[in-house]
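Okay, structure.cif is below, mmCIF, C-alpha atoms:
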```cif
data_input
loop_
_atom_site.label_atom_id
_atom_site.label_comp_id
_atom_site.auth_asym_id
_atom_site.auth_seq_id
_atom_site.Cartn_x
_atom_site.Cartn_y
_atom_site.Cartn_z
CA MET Z 28 -10.47 2.72 51.23
CA SER Z 29 -12.61 5.86 50.85
CA THR Z 30 -9.64 7.68 49.27
CA THR Z 31 -9.28 4.91 46.67
CA ASN Z 32 -12.98 4.98 45.87
CA SER Z 33 -12.87 8.78 45.57
CA PHE Z 34 -9.89 8.59 43.19
CA GLN Z 35 -11.64 5.97 41.05
CA SER Z 36 -14.78 8.12 40.97
CA VAL Z 37 -12.83 11.19 39.80
CA SER Z 38 -11.00 9.08 37.21
CA THR Z 39 -14.27 7.67 35.89
CA THR Z 40 -15.81 11.14 35.71
CA THR Z 41 -12.75 12.48 33.86
CA GLN Z 42 -12.84 9.67 31.33
CA ALA Z 43 -16.55 10.18 30.76
CA SER Z 44 -15.95 13.91 30.21
CA ILE Z 45 -13.18 13.24 27.69
CA GLN Z 46 -15.42 10.82 25.80
CA ILE Z 47 -18.22 13.40 25.70
CA ILE Z 48 -15.85 16.14 24.49
CA THR Z 49 -14.43 13.85 21.80
CA THR Z 50 -17.93 12.97 20.59
CA GLU Z 51 -18.97 16.61 20.54
CA ILE Z 52 -15.97 17.86 18.57
CA THR Z 53 -16.33 15.05 16.01
CA TYR Z 54 -19.99 16.06 15.60
CA TYR Z 55 -19.93 19.86 15.58
CA GLY Z 56 -16.37 20.32 14.27
CA PRO Z 57 -17.00 18.97 10.74
CA ILE Z 58 -20.26 20.91 10.44
CA ILE Z 59 -18.58 24.20 11.37
CA LEU Z 60 -15.60 23.55 9.11
CA LEU Z 61 -17.86 22.64 6.19
CA ILE Z 62 -19.82 25.88 6.50
CA ILE Z 63 -16.70 28.02 6.89
CA GLY Z 64 -14.76 26.15 4.22
CA ILE Z 65 -17.44 26.08 1.51
CA ILE Z 66 -18.21 29.78 1.95
CA GLY Z 67 -14.50 30.64 1.90
CA CYS Z 68 -13.78 28.59 -1.24
CA LEU Z 69 -16.73 30.12 -3.11
CA CYS Z 70 -15.53 33.59 -2.14
CA ASN Z 71 -12.06 32.67 -3.43
CA PHE Z 72 -13.61 31.66 -6.77
CA ILE Z 73 -15.39 34.99 -7.00
CA THR Z 74 -12.22 36.96 -6.22
CA PHE Z 75 -9.57 35.10 -8.21
CA THR Z 76 -11.67 35.14 -11.39
CA SER Z 77 -11.70 38.95 -11.38
CA PRO Z 78 -9.99 40.76 -14.29
CA GLN Z 79 -7.45 42.34 -11.88
CA LEU Z 80 -6.16 38.99 -10.64
CA ARG Z 81 -6.91 36.27 -13.16
CA LYS Z 82 -4.06 37.32 -15.48
CA THR Z 83 -1.36 36.56 -12.89
CA SER Z 84 0.11 33.09 -12.53
CA CYS Z 85 0.12 33.28 -8.71
CA ALA Z 86 -3.62 34.01 -8.60
CA PHE Z 87 -4.16 31.08 -10.97
CA TYR Z 88 -2.39 28.78 -8.49
CA PHE Z 89 -4.50 30.23 -5.65
CA LEU Z 90 -7.65 29.56 -7.68
CA LEU Z 91 -6.76 25.92 -8.36
CA SER Z 92 -5.77 25.49 -4.74
CA ALA Z 93 -9.25 26.70 -3.73
CA VAL Z 94 -10.83 24.15 -6.12
CA PHE Z 95 -8.99 21.23 -4.55
CA GLU Z 96 -9.49 22.59 -1.05
CA LEU Z 97 -13.24 22.57 -1.68
CA LEU Z 98 -13.08 18.98 -2.94
CA SER Z 99 -10.95 17.95 0.04
CA ILE Z 100 -13.20 19.32 2.75
CA THR Z 101 -16.51 18.32 1.16
CA PHE Z 102 -15.51 14.72 0.44
CA GLY Z 103 -13.30 14.18 3.48
CA LEU Z 104 -15.48 15.78 6.14
CA ILE Z 105 -18.84 14.57 4.82
CA SER Z 106 -17.67 10.96 4.46
CA ARG Z 107 -16.08 11.05 7.91
CA PHE Z 108 -19.16 12.61 9.51
CA ALA Z 109 -21.40 10.00 7.87
CA ALA Z 110 -19.27 7.17 9.27
CA ASP Z 111 -19.01 8.69 12.77
CA HIS Z 112 -22.55 9.97 13.35
CA LEU Z 113 -24.96 8.97 10.58
CA GLY Z 114 -24.51 5.20 10.89
CA SER Z 115 -22.85 4.72 7.52
CA THR Z 116 -20.97 1.41 7.33
CA LEU Z 117 -20.00 1.72 3.68
CA ILE Z 118 -16.32 2.26 4.43
CA ASN Z 119 -16.11 -1.09 6.26
CA THR Z 120 -18.41 -3.09 3.98
CA ASP Z 121 -17.63 -1.92 0.44
CA ARG Z 122 -14.14 -2.74 -0.78
CA ALA Z 123 -14.16 -0.24 -3.68
CA TYR Z 124 -15.34 2.63 -1.46
CA CYS Z 125 -12.72 1.77 1.16
CA LYS Z 126 -9.96 2.12 -1.41
CA LEU Z 127 -11.49 5.18 -3.09
CA ARG Z 128 -11.96 7.15 0.14
CA ALA Z 129 -8.47 6.33 1.45
CA TYR Z 130 -7.05 7.42 -1.90
CA LEU Z 131 -8.96 10.67 -2.29
CA VAL Z 132 -8.52 11.92 1.29
CA SER Z 133 -4.78 11.85 0.62
CA ALA Z 134 -4.61 12.83 -3.07
CA LEU Z 135 -6.98 15.83 -3.02
CA PRO Z 136 -5.31 17.66 -0.09
CA LEU Z 137 -1.90 16.83 -1.55
CA VAL Z 138 -2.74 18.52 -4.86
CA ALA Z 139 -4.15 21.55 -2.99
CA THR Z 140 -0.87 21.73 -1.05
CA TYR Z 141 1.12 21.51 -4.29
CA PHE Z 142 -0.63 24.60 -5.62
CA VAL Z 143 0.19 26.59 -2.49
CA LEU Z 144 3.80 25.43 -2.92
CA LEU Z 145 3.71 26.50 -6.58
CA SER Z 146 2.41 29.94 -5.55
CA SER Z 147 5.40 30.34 -3.23
CA ILE Z 148 7.79 29.28 -6.00
CA ASP Z 149 6.05 31.64 -8.43
CA ARG Z 150 6.42 34.63 -6.07
CA CYS Z 151 10.05 33.73 -5.47
CA MET Z 152 10.62 33.77 -9.24
CA SER Z 153 8.67 36.98 -9.84
CA SER Z 154 10.57 38.86 -7.10
CA SER Z 155 13.99 37.73 -8.33
CA VAL Z 156 16.48 40.26 -9.71
CA SER Z 157 17.20 37.79 -12.53
CA ALA Z 158 15.16 38.45 -15.66
CA ARG Z 159 15.45 34.78 -16.61
CA LEU Z 160 13.87 33.63 -13.35
CA ARG Z 161 11.16 36.30 -13.59
CA SER Z 162 10.25 34.97 -17.03
CA PHE Z 163 9.01 31.73 -15.41
CA SER Z 164 6.26 33.66 -13.62
CA GLN Z 165 3.81 33.56 -16.53
CA ARG Z 166 0.28 32.29 -16.96
CA LYS Z 167 1.15 30.00 -19.89
CA ILE Z 168 3.83 28.29 -17.80
CA ALA Z 169 1.39 28.02 -14.89
CA TYR Z 170 -1.00 26.03 -17.11
CA ARG Z 171 1.65 23.42 -17.90
CA VAL Z 172 3.02 23.20 -14.38
CA SER Z 173 -0.50 22.79 -12.97
CA VAL Z 174 -1.15 19.75 -15.15
CA VAL Z 175 2.11 18.20 -13.95
CA ALA Z 176 1.25 18.95 -10.31
CA ILE Z 177 -2.17 17.30 -10.60
CA ILE Z 178 -0.77 14.21 -12.30
CA LEU Z 179 2.08 13.94 -9.78
CA GLY Z 180 -0.30 14.30 -6.83
CA PHE Z 181 -2.62 11.54 -8.00
CA ILE Z 182 0.14 9.17 -9.11
CA SER Z 183 2.14 9.53 -5.88
CA CYS Z 184 -0.87 8.27 -3.88
CA ILE Z 185 -1.57 5.26 -6.11
CA HIS Z 186 -0.03 2.85 -3.58
CA ILE Z 187 -3.05 3.51 -1.34
CA VAL Z 188 -5.38 1.85 -3.86
CA ILE Z 189 -3.18 -1.23 -3.75
CA GLY Z 190 -2.48 -1.46 -0.02
CA TYR Z 191 -5.85 -0.55 1.51
CA ASP Z 192 -8.57 -3.17 1.88
CA LEU Z 193 -11.17 -4.60 4.26
CA ARG Z 194 -9.28 -6.47 7.06
CA PRO Z 195 -12.18 -6.77 8.12
CA ARG Z 196 -12.31 -2.97 8.69
CA CYS Z 197 -10.91 -0.62 6.08
CA GLY Z 198 -7.20 -0.18 6.71
CA ALA Z 199 -3.67 -0.49 5.38
CA LEU Z 200 -1.87 -3.79 4.95
CA ALA Z 201 -0.08 -4.54 8.20
CA GLY Z 202 3.71 -4.58 8.40
CA ALA Z 203 6.10 -2.78 6.08
CA PHE Z 204 3.35 -1.23 3.95
CA ALA Z 205 1.61 0.31 6.97
CA MET Z 206 4.91 1.88 8.06
CA TYR Z 207 5.60 3.16 4.53
CA ASP Z 208 2.11 4.64 4.27
CA SER Z 209 2.49 6.38 7.63
CA MET Z 210 5.84 7.89 6.64
CA PHE Z 211 4.36 8.90 3.28
CA VAL Z 212 1.61 10.83 5.06
CA VAL Z 213 4.01 12.49 7.52
CA PHE Z 214 6.74 13.46 5.08
CA TRP Z 215 5.32 13.58 1.54
CA LEU Z 216 1.97 15.11 2.50
CA GLY Z 217 3.20 17.16 5.45
CA VAL Z 218 6.83 17.93 6.16
CA ILE Z 219 8.46 18.11 2.71
CA PRO Z 220 6.03 20.46 0.89
CA HIS Z 221 5.73 22.80 3.87
CA VAL Z 222 9.46 22.97 4.47
CA LEU Z 223 9.82 23.86 0.77
CA MET Z 224 7.12 26.53 1.18
CA LEU Z 225 9.02 28.07 4.08
CA ILE Z 226 12.28 27.98 2.12
CA PHE Z 227 10.79 29.70 -0.94
CA GLY Z 228 8.96 32.11 1.33
CA PHE Z 229 12.26 33.08 2.94
CA LEU Z 230 13.91 33.44 -0.48
CA THR Z 231 11.03 35.67 -1.59
CA TYR Z 232 11.53 37.86 1.47
CA MET Z 233 15.24 38.17 0.67
CA ASN Z 234 14.45 39.00 -2.96
CA ILE Z 235 12.13 41.78 -1.82
CA LYS Z 236 14.84 43.28 0.40
CA ARG Z 237 17.37 43.22 -2.46
CA SER Z 238 14.81 44.68 -4.86
CA ARG Z 239 13.98 47.54 -2.50
CA ARG Z 240 17.64 48.42 -2.10
CA ARG Z 241 18.08 48.42 -5.87
CA ILE Z 242 14.99 50.59 -6.37
CA ALA Z 243 16.14 53.00 -3.68
CA ILE Z 244 19.39 53.54 -5.59
CA HIS Z 245 17.57 54.12 -8.89
CA SER Z 246 15.00 56.42 -7.28
CA HIS Z 247 17.66 59.07 -6.67
CA LYS Z 248 18.48 59.06 -10.38
CA ASN Z 249 14.98 58.89 -11.80
CA PRO Z 250 12.07 59.41 -9.38
CA THR Z 251 9.49 59.42 -12.16
CA ALA Z 252 10.55 56.02 -13.41
CA LEU Z 253 10.36 54.70 -9.86
CA ALA Z 254 6.81 55.98 -9.41
CA GLN Z 255 5.70 54.48 -12.70
CA ARG Z 256 7.30 51.14 -11.95
CA GLN Z 257 5.83 50.95 -8.47
CA GLN Z 258 2.40 51.74 -9.81
CA ARG Z 259 2.51 49.32 -12.73
CA GLU Z 260 4.43 46.33 -11.44
CA GLU Z 261 4.83 46.26 -7.68
CA LYS Z 262 1.42 46.95 -6.18
CA ASN Z 263 -0.30 43.71 -7.12
CA ASP Z 264 2.90 41.65 -6.83
CA THR Z 265 3.55 42.87 -3.29
CA GLN Z 266 -0.02 42.09 -2.23
CA LEU Z 267 0.20 38.59 -3.71
CA ILE Z 268 3.49 38.00 -1.93
CA VAL Z 269 1.94 39.02 1.40
CA MET Z 270 -0.98 36.65 0.75
CA MET Z 271 1.40 33.83 -0.12
CA LEU Z 272 3.59 34.33 2.95
CA SER Z 273 0.54 34.45 5.24
CA GLN Z 274 -0.91 31.33 3.66
CA VAL Z 275 2.38 29.44 3.90
CA GLY Z 276 2.92 30.41 7.54
CA PHE Z 277 -0.51 29.35 8.77
CA SER Z 278 -0.59 26.24 6.59
CA SER Z 279 2.76 25.07 7.94
CA LEU Z 280 1.62 25.65 11.53
CA LEU Z 281 -1.62 23.67 11.13
CA ILE Z 282 -0.29 20.80 9.04
CA LEU Z 283 2.89 20.27 11.04
CA THR Z 284 0.82 20.24 14.26
CA ARG Z 285 -1.22 17.40 12.82
CA MET Z 286 1.78 15.53 11.44
CA THR Z 287 3.73 15.81 14.70
CA TYR Z 288 1.01 14.02 16.64
CA TYR Z 289 0.37 11.55 13.81
CA ALA Z 290 4.05 10.59 13.77
CA TYR Z 291 3.96 10.05 17.55
CA TYR Z 292 0.77 8.01 17.20
CA VAL Z 293 2.38 5.75 14.58
CA LEU Z 294 5.90 5.46 15.99
CA GLY Z 295 5.16 5.75 19.71
CA PRO Z 296 4.21 2.99 22.14
CA SER Z 297 0.77 1.39 22.05
CA LEU Z 298 -1.71 3.26 24.21
CA THR Z 299 -4.02 1.61 26.72
CA GLY Z 300 -6.62 2.71 29.22
CA TYR Z 301 -6.67 6.41 30.03
CA ASP Z 302 -3.78 7.16 27.64
CA LYS Z 303 -5.74 5.57 24.80
CA LEU Z 304 -8.69 7.82 25.60
CA ILE Z 305 -6.47 10.91 25.51
CA GLY Z 306 -4.91 9.65 22.27
CA SER Z 307 -8.34 9.28 20.68
CA PHE Z 308 -9.21 12.85 21.66
CA LEU Z 309 -5.94 14.23 20.26
CA MET Z 310 -6.34 12.26 17.03
CA SER Z 311 -9.86 13.65 16.55
CA PHE Z 312 -8.74 17.19 17.41
CA THR Z 313 -5.68 17.18 15.13
CA THR Z 314 -7.79 15.72 12.31
CA LEU Z 315 -10.01 18.79 12.55
CA VAL Z 316 -6.88 20.98 12.63
CA TYR Z 317 -5.77 19.20 9.44
CA TYR Z 318 -9.04 19.97 7.65
CA ALA Z 319 -9.10 23.51 9.05
CA ASN Z 320 -6.00 24.13 6.96
CA TYR Z 321 -8.12 23.74 3.81
CA CYS Z 322 -10.89 26.03 5.12
CA LYS Z 323 -8.82 29.07 6.07
CA SER Z 324 -7.49 30.49 2.78
CA PHE Z 325 -10.14 33.12 2.09
CA TYR Z 326 -9.97 34.46 5.63
CA ILE Z 327 -6.16 34.61 5.59
CA TYR Z 328 -6.20 36.44 2.26
CA THR Z 329 -8.86 38.87 3.49
CA LEU Z 330 -6.93 39.74 6.65
CA SER Z 331 -3.53 40.03 4.98
CA SER Z 332 -4.24 41.83 1.69
CA GLN Z 333 -5.97 45.15 1.03
CA LEU Z 334 -5.99 44.31 -2.69
CA PHE Z 335 -7.85 41.05 -2.08
CA ARG Z 336 -10.42 42.80 0.13
CA SER Z 337 -11.08 45.56 -2.39
CA VAL Z 338 -11.38 43.15 -5.32
CA PHE Z 339 -13.70 40.87 -3.36
CA ILE Z 340 -15.97 43.74 -2.30
CA GLN Z 341 -16.01 45.06 -5.84
CA ARG Z 342 -16.96 41.64 -7.21
CA ILE Z 343 -19.75 41.21 -4.65
CA LYS Z 344 -21.19 44.63 -5.54
CA LEU Z 345 -20.95 43.72 -9.22
CA CYS Z 346 -22.77 40.42 -8.65
CA ILE Z 347 -25.54 42.09 -6.66
CA LYS Z 348 -26.06 44.81 -9.26
CA THR Z 349 -25.94 42.33 -12.14
CA VAL Z 350 -28.43 39.98 -10.47
CA PHE Z 351 -30.95 42.81 -10.04
CA GLY Z 352 -30.55 43.58 -13.75
CA LYS Z 353 -30.12 47.32 -13.45
CA TYR Z 354 -26.45 47.50 -14.35
CA THR Z 355 -24.05 45.96 -16.81
CA PRO Z 356 -20.38 45.22 -16.02
CA VAL Z 357 -17.72 47.17 -17.92
CA ILE Z 358 -13.99 46.38 -17.82
CA LEU Z 359 -11.97 49.57 -17.44
CA THR Z 360 -8.52 50.23 -18.92
CA ASP Z 361 -6.76 49.41 -15.63
CA GLY Z 362 -8.39 45.98 -15.49
CA SER Z 363 -10.95 46.86 -12.82
CA VAL Z 364 -14.67 46.31 -13.32
CA SER Z 365 -17.34 48.97 -13.04
CA CYS Z 366 -21.10 48.93 -13.51
CA VAL Z 367 -23.06 51.34 -15.67
CA PRO Z 368 -26.84 51.66 -15.92
CA ILE Z 369 -28.46 49.83 -18.79
CA SER Z 370 -30.19 52.27 -21.10
CA ALA Z 371 -33.81 51.84 -22.09
CA GLU Z 372 -32.74 51.36 -25.71
CA ALA Z 373 -30.29 48.59 -24.71
CA ILE Z 374 -32.97 46.84 -22.70
CA GLN Z 375 -35.34 47.05 -25.64
CA ARG Z 376 -32.68 45.65 -27.99
CA CYS Z 377 -32.04 42.73 -25.63
CA THR Z 378 -35.70 41.88 -25.29
CA THR Z 379 -36.63 42.06 -28.95
#
```
As structure tokens, how would this structure be written, given the file I've shared?
Amino acid sequence: MSTTNSFQSVSTTTQASIQIITTEITYYGPIILLIIGIIGCLCNFITFTSPQLRKTSCAFYFLLSAVFELLSITFGLISRFAADHLGSTLINTDRAYCKLRAYLVSALPLVATYFVLLSSIDRCMSSSVSARLRSFSQRKIAYRVSVVAIILGFISCIHIVIGYDLRPRCGALAGAFAMYDSMFVVFWLGVIPHVLMLIFGFLTYMNIKRSRRRIAIHSHKNPTALAQRQQREEKNDTQLIVMMLSQVGFSSLLILTRMTYYAYYVLGPSLTGYDKLIGSFLMSFTTLVYYANYCKSFYIYTLSSQLFRSVFIQRIKLCIKTVFGKYTPVILTDGSVSCVPISAEAIQRCTT
């Protein structure tokens, strides 16, 4: 009898601990991710709008990805935090908000994911030995493709506006639609784009190997041409490829972790009792992992690319000097930015 009571006491204590941990991570997790994510996205804006990077199509995709990542984490995490801890009942009382939130928390991250996918396709094209394929890696093409990606992302999620409603809580229509929506999330938002990223990442790696072999052959014939080509064309491209591969690898790891558990949650048996408690904890944890994917970009780029670090530091110094009003930015011939002191005559001209 005492053994049974002891076991029940331990079980009760364990369940209480899991509930406390779940509550704590749903409270502090979004706050931490918001701080990290907003700072990272703003730093991405500063870096990818620099003269050295903004002319490349890959950097343009990275910039747009950062825009939609910022929208995803601010709207998704703030609305979730408000419902979980600030007493907001809007999601379960307002029909329009129910549909809008369900739509945007899928469409915004999907578009951000599309731009990471486009960056991997762009680097695959730019590293190809085919001149025709390399010609697709241009800023003017990136503008057109970006419009298509945004439209496709928002249109592909339109079924959510139709199928979500108050029942009485905000949720998907039960039955076939709920199953379709779950598979849409797992495959269209998770598995398919990230498998494509990995494929194009692998193709980019193979292109680099072939290109290096070809350059090694030409270097014996014309070393000067090799040095000039490496200096002009390969330095920034190689750094962008490293950034892309790092981003794709970590993104795939985080998103597929979330989608694996979400698929089990949807397709697996109904959970009860202690299993339901564990399932609630894992759902909360993997949701934070999902949003962490849209907070990490700046830190991945900083760790993986010397070019990104140097451009970011240069831009920060430029901003500081410009804010204090003692220097004026000057674009050099190589595309970098320097600051020169403002002369007394120039200051007088500007103030008169």
Enumerate, as a short mmCIF file (atom, residue, chain, number, x, y, z; two decimals) with C-alpha atoms, keeping the file's coordinate frame, the residues matched when the PyMOL selection byres ((chain Z and resi 283) around 9) is run on the file above.
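Saved as expr_28.cif:
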```cif
data_model
loop_
_atom_site.label_atom_id
_atom_site.label_comp_id
_atom_site.auth_asym_id
_atom_site.auth_seq_id
_atom_site.Cartn_x
_atom_site.Cartn_y
_atom_site.Cartn_z
CA VAL Z 213 4.01 12.49 7.52
CA GLY Z 217 3.20 17.16 5.45
CA VAL Z 218 6.83 17.93 6.16
CA HIS Z 221 5.73 22.80 3.87
CA SER Z 278 -0.59 26.24 6.59
CA SER Z 279 2.76 25.07 7.94
CA LEU Z 280 1.62 25.65 11.53
CA LEU Z 281 -1.62 23.67 11.13
CA ILE Z 282 -0.29 20.80 9.04
CA THR Z 284 0.82 20.24 14.26
CA ARG Z 285 -1.22 17.40 12.82
CA MET Z 286 1.78 15.53 11.44
CA THR Z 287 3.73 15.81 14.70
CA TYR Z 288 1.01 14.02 16.64
CA TYR Z 317 -5.77 19.20 9.44
#
```
Margin query: Once the PyMOL selection byres ((chain Z and resi 73) around 12) has been evaluated on this model, what residues remain selected, and can you format them as a PyMOL selection string?
Written below: chain Z and resi 66-72+74-81+86+89-90+93-94+325+335-336+338-346
Please produce a file of those selected residues containing C-alpha atoms, as a CSV table (one decimal), in the coordinates of the input.
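The new file result.csv reads:
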```csv
chain,number,residue,atom,x,y,z
Z,66,ILE,CA,-18.2,29.8,2.0
Z,67,GLY,CA,-14.5,30.6,1.9
Z,68,CYS,CA,-13.8,28.6,-1.2
Z,69,LEU,CA,-16.7,30.1,-3.1
Z,70,CYS,CA,-15.5,33.6,-2.1
Z,71,ASN,CA,-12.1,32.7,-3.4
Z,72,PHE,CA,-13.6,31.7,-6.8
Z,74,THR,CA,-12.2,37.0,-6.2
Z,75,PHE,CA,-9.6,35.1,-8.2
Z,76,THR,CA,-11.7,35.1,-11.4
Z,77,SER,CA,-11.7,39.0,-11.4
Z,78,PRO,CA,-10.0,40.8,-14.3
Z,79,GLN,CA,-7.4,42.3,-11.9
Z,80,LEU,CA,-6.2,39.0,-10.6
Z,81,ARG,CA,-6.9,36.3,-13.2
Z,86,ALA,CA,-3.6,34.0,-8.6
Z,89,PHE,CA,-4.5,30.2,-5.6
Z,90,LEU,CA,-7.6,29.6,-7.7
Z,93,ALA,CA,-9.2,26.7,-3.7
Z,94,VAL,CA,-10.8,24.2,-6.1
Z,325,PHE,CA,-10.1,33.1,2.1
Z,335,PHE,CA,-7.8,41.0,-2.1
Z,336,ARG,CA,-10.4,42.8,0.1
Z,338,VAL,CA,-11.4,43.2,-5.3
Z,339,PHE,CA,-13.7,40.9,-3.4
Z,340,ILE,CA,-16.0,43.7,-2.3
Z,341,GLN,CA,-16.0,45.1,-5.8
Z,342,ARG,CA,-17.0,41.6,-7.2
Z,343,ILE,CA,-19.8,41.2,-4.6
Z,344,LYS,CA,-21.2,44.6,-5.5
Z,345,LEU,CA,-21.0,43.7,-9.2
Z,346,CYS,CA,-22.8,40.4,-8.6
```
Check: Which of these, Z:Ile347, Z:Met152, Z:Val132, Z:Ile268, has the shortest distance to Gly180 (chain Z) once you count only C-alpha atoms?
Finding: Z:Val132
Checklist line | Evaluate the PyMOL selection byres ((chain Z and resi 307) around 12) and report residues as a PyMOL selection string | finding: chain Z and resi 42+45-50+52-53+288-289+292+298-306+308-314
Note to self: From the options Z:Ala139, Z:Leu144, Z:Cys184, Z:Ile177, which residue's atoms come nearest to Ile226 (chain Z), counting all atoms listed in the file?
What the structure shows: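 The shortest atom-to-atom distance to Ile226 (chain Z) comes from Z:Leu144.
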Notebook entry, point to check: Suppose you want the space between CA of His112 (chain Z) and CA of Thr39 (chain Z); what is it in Å?
Noted result: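 Atom-to-atom, CA of His112 (chain Z) to CA of Thr39 (chain Z), that is 24.1 Å.
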Size and centre in Å, one decimal, axis-aligned box, all listed region 260-279 of chain Z atoms plus 8 Å per side, as JSON:
```
{"center_x": 1.9, "center_y": 36.0, "center_z": -1.3, "size_x": 21.8, "size_y": 37.9, "size_z": 36.2}
```
Margin query: Give me the residues near Cys125 (chain Z) as a list in words, where near means some atom within 9 Å (using all atoms listed in the file) and where sequence neighbours in that chain fewer than 5 positions away do not count.
Written below: Leu117, Ile118, Asn119, Thr120, Tyr130, Val188, Tyr191, Asp192, Leu193, Arg196, Cys197 and Gly198 of chain Z
Next item on the list: Calculate how many Å separate CA of Leu200 (chain Z) from CA of Gly103 (chain Z), rounding to one decimal.
Entry: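 Atom-to-atom, CA of Leu200 (chain Z) and CA of Gly103 (chain Z) are spaced 21.3 Å apart.
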Checklist line | Using only C-alpha atoms: which of Z:Val222, Z:Ala134, Z:Leu267, Z:Leu216 has the shortest distance to Cys151 (chain Z) | finding: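 Among Z:Val222, Z:Ala134, Z:Leu267, Z:Leu216, it is Z:Leu267 that comes nearest to Cys151 (chain Z).
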Next item on the list: May I ask for the distance between CA of Tyr55 (chain Z) and CA of Leu97 (chain Z), given in Å to one decimal place?
Entry: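 Interatomic distance, CA of Tyr55 (chain Z) to CA of Leu97 (chain Z): 18.7 Å.
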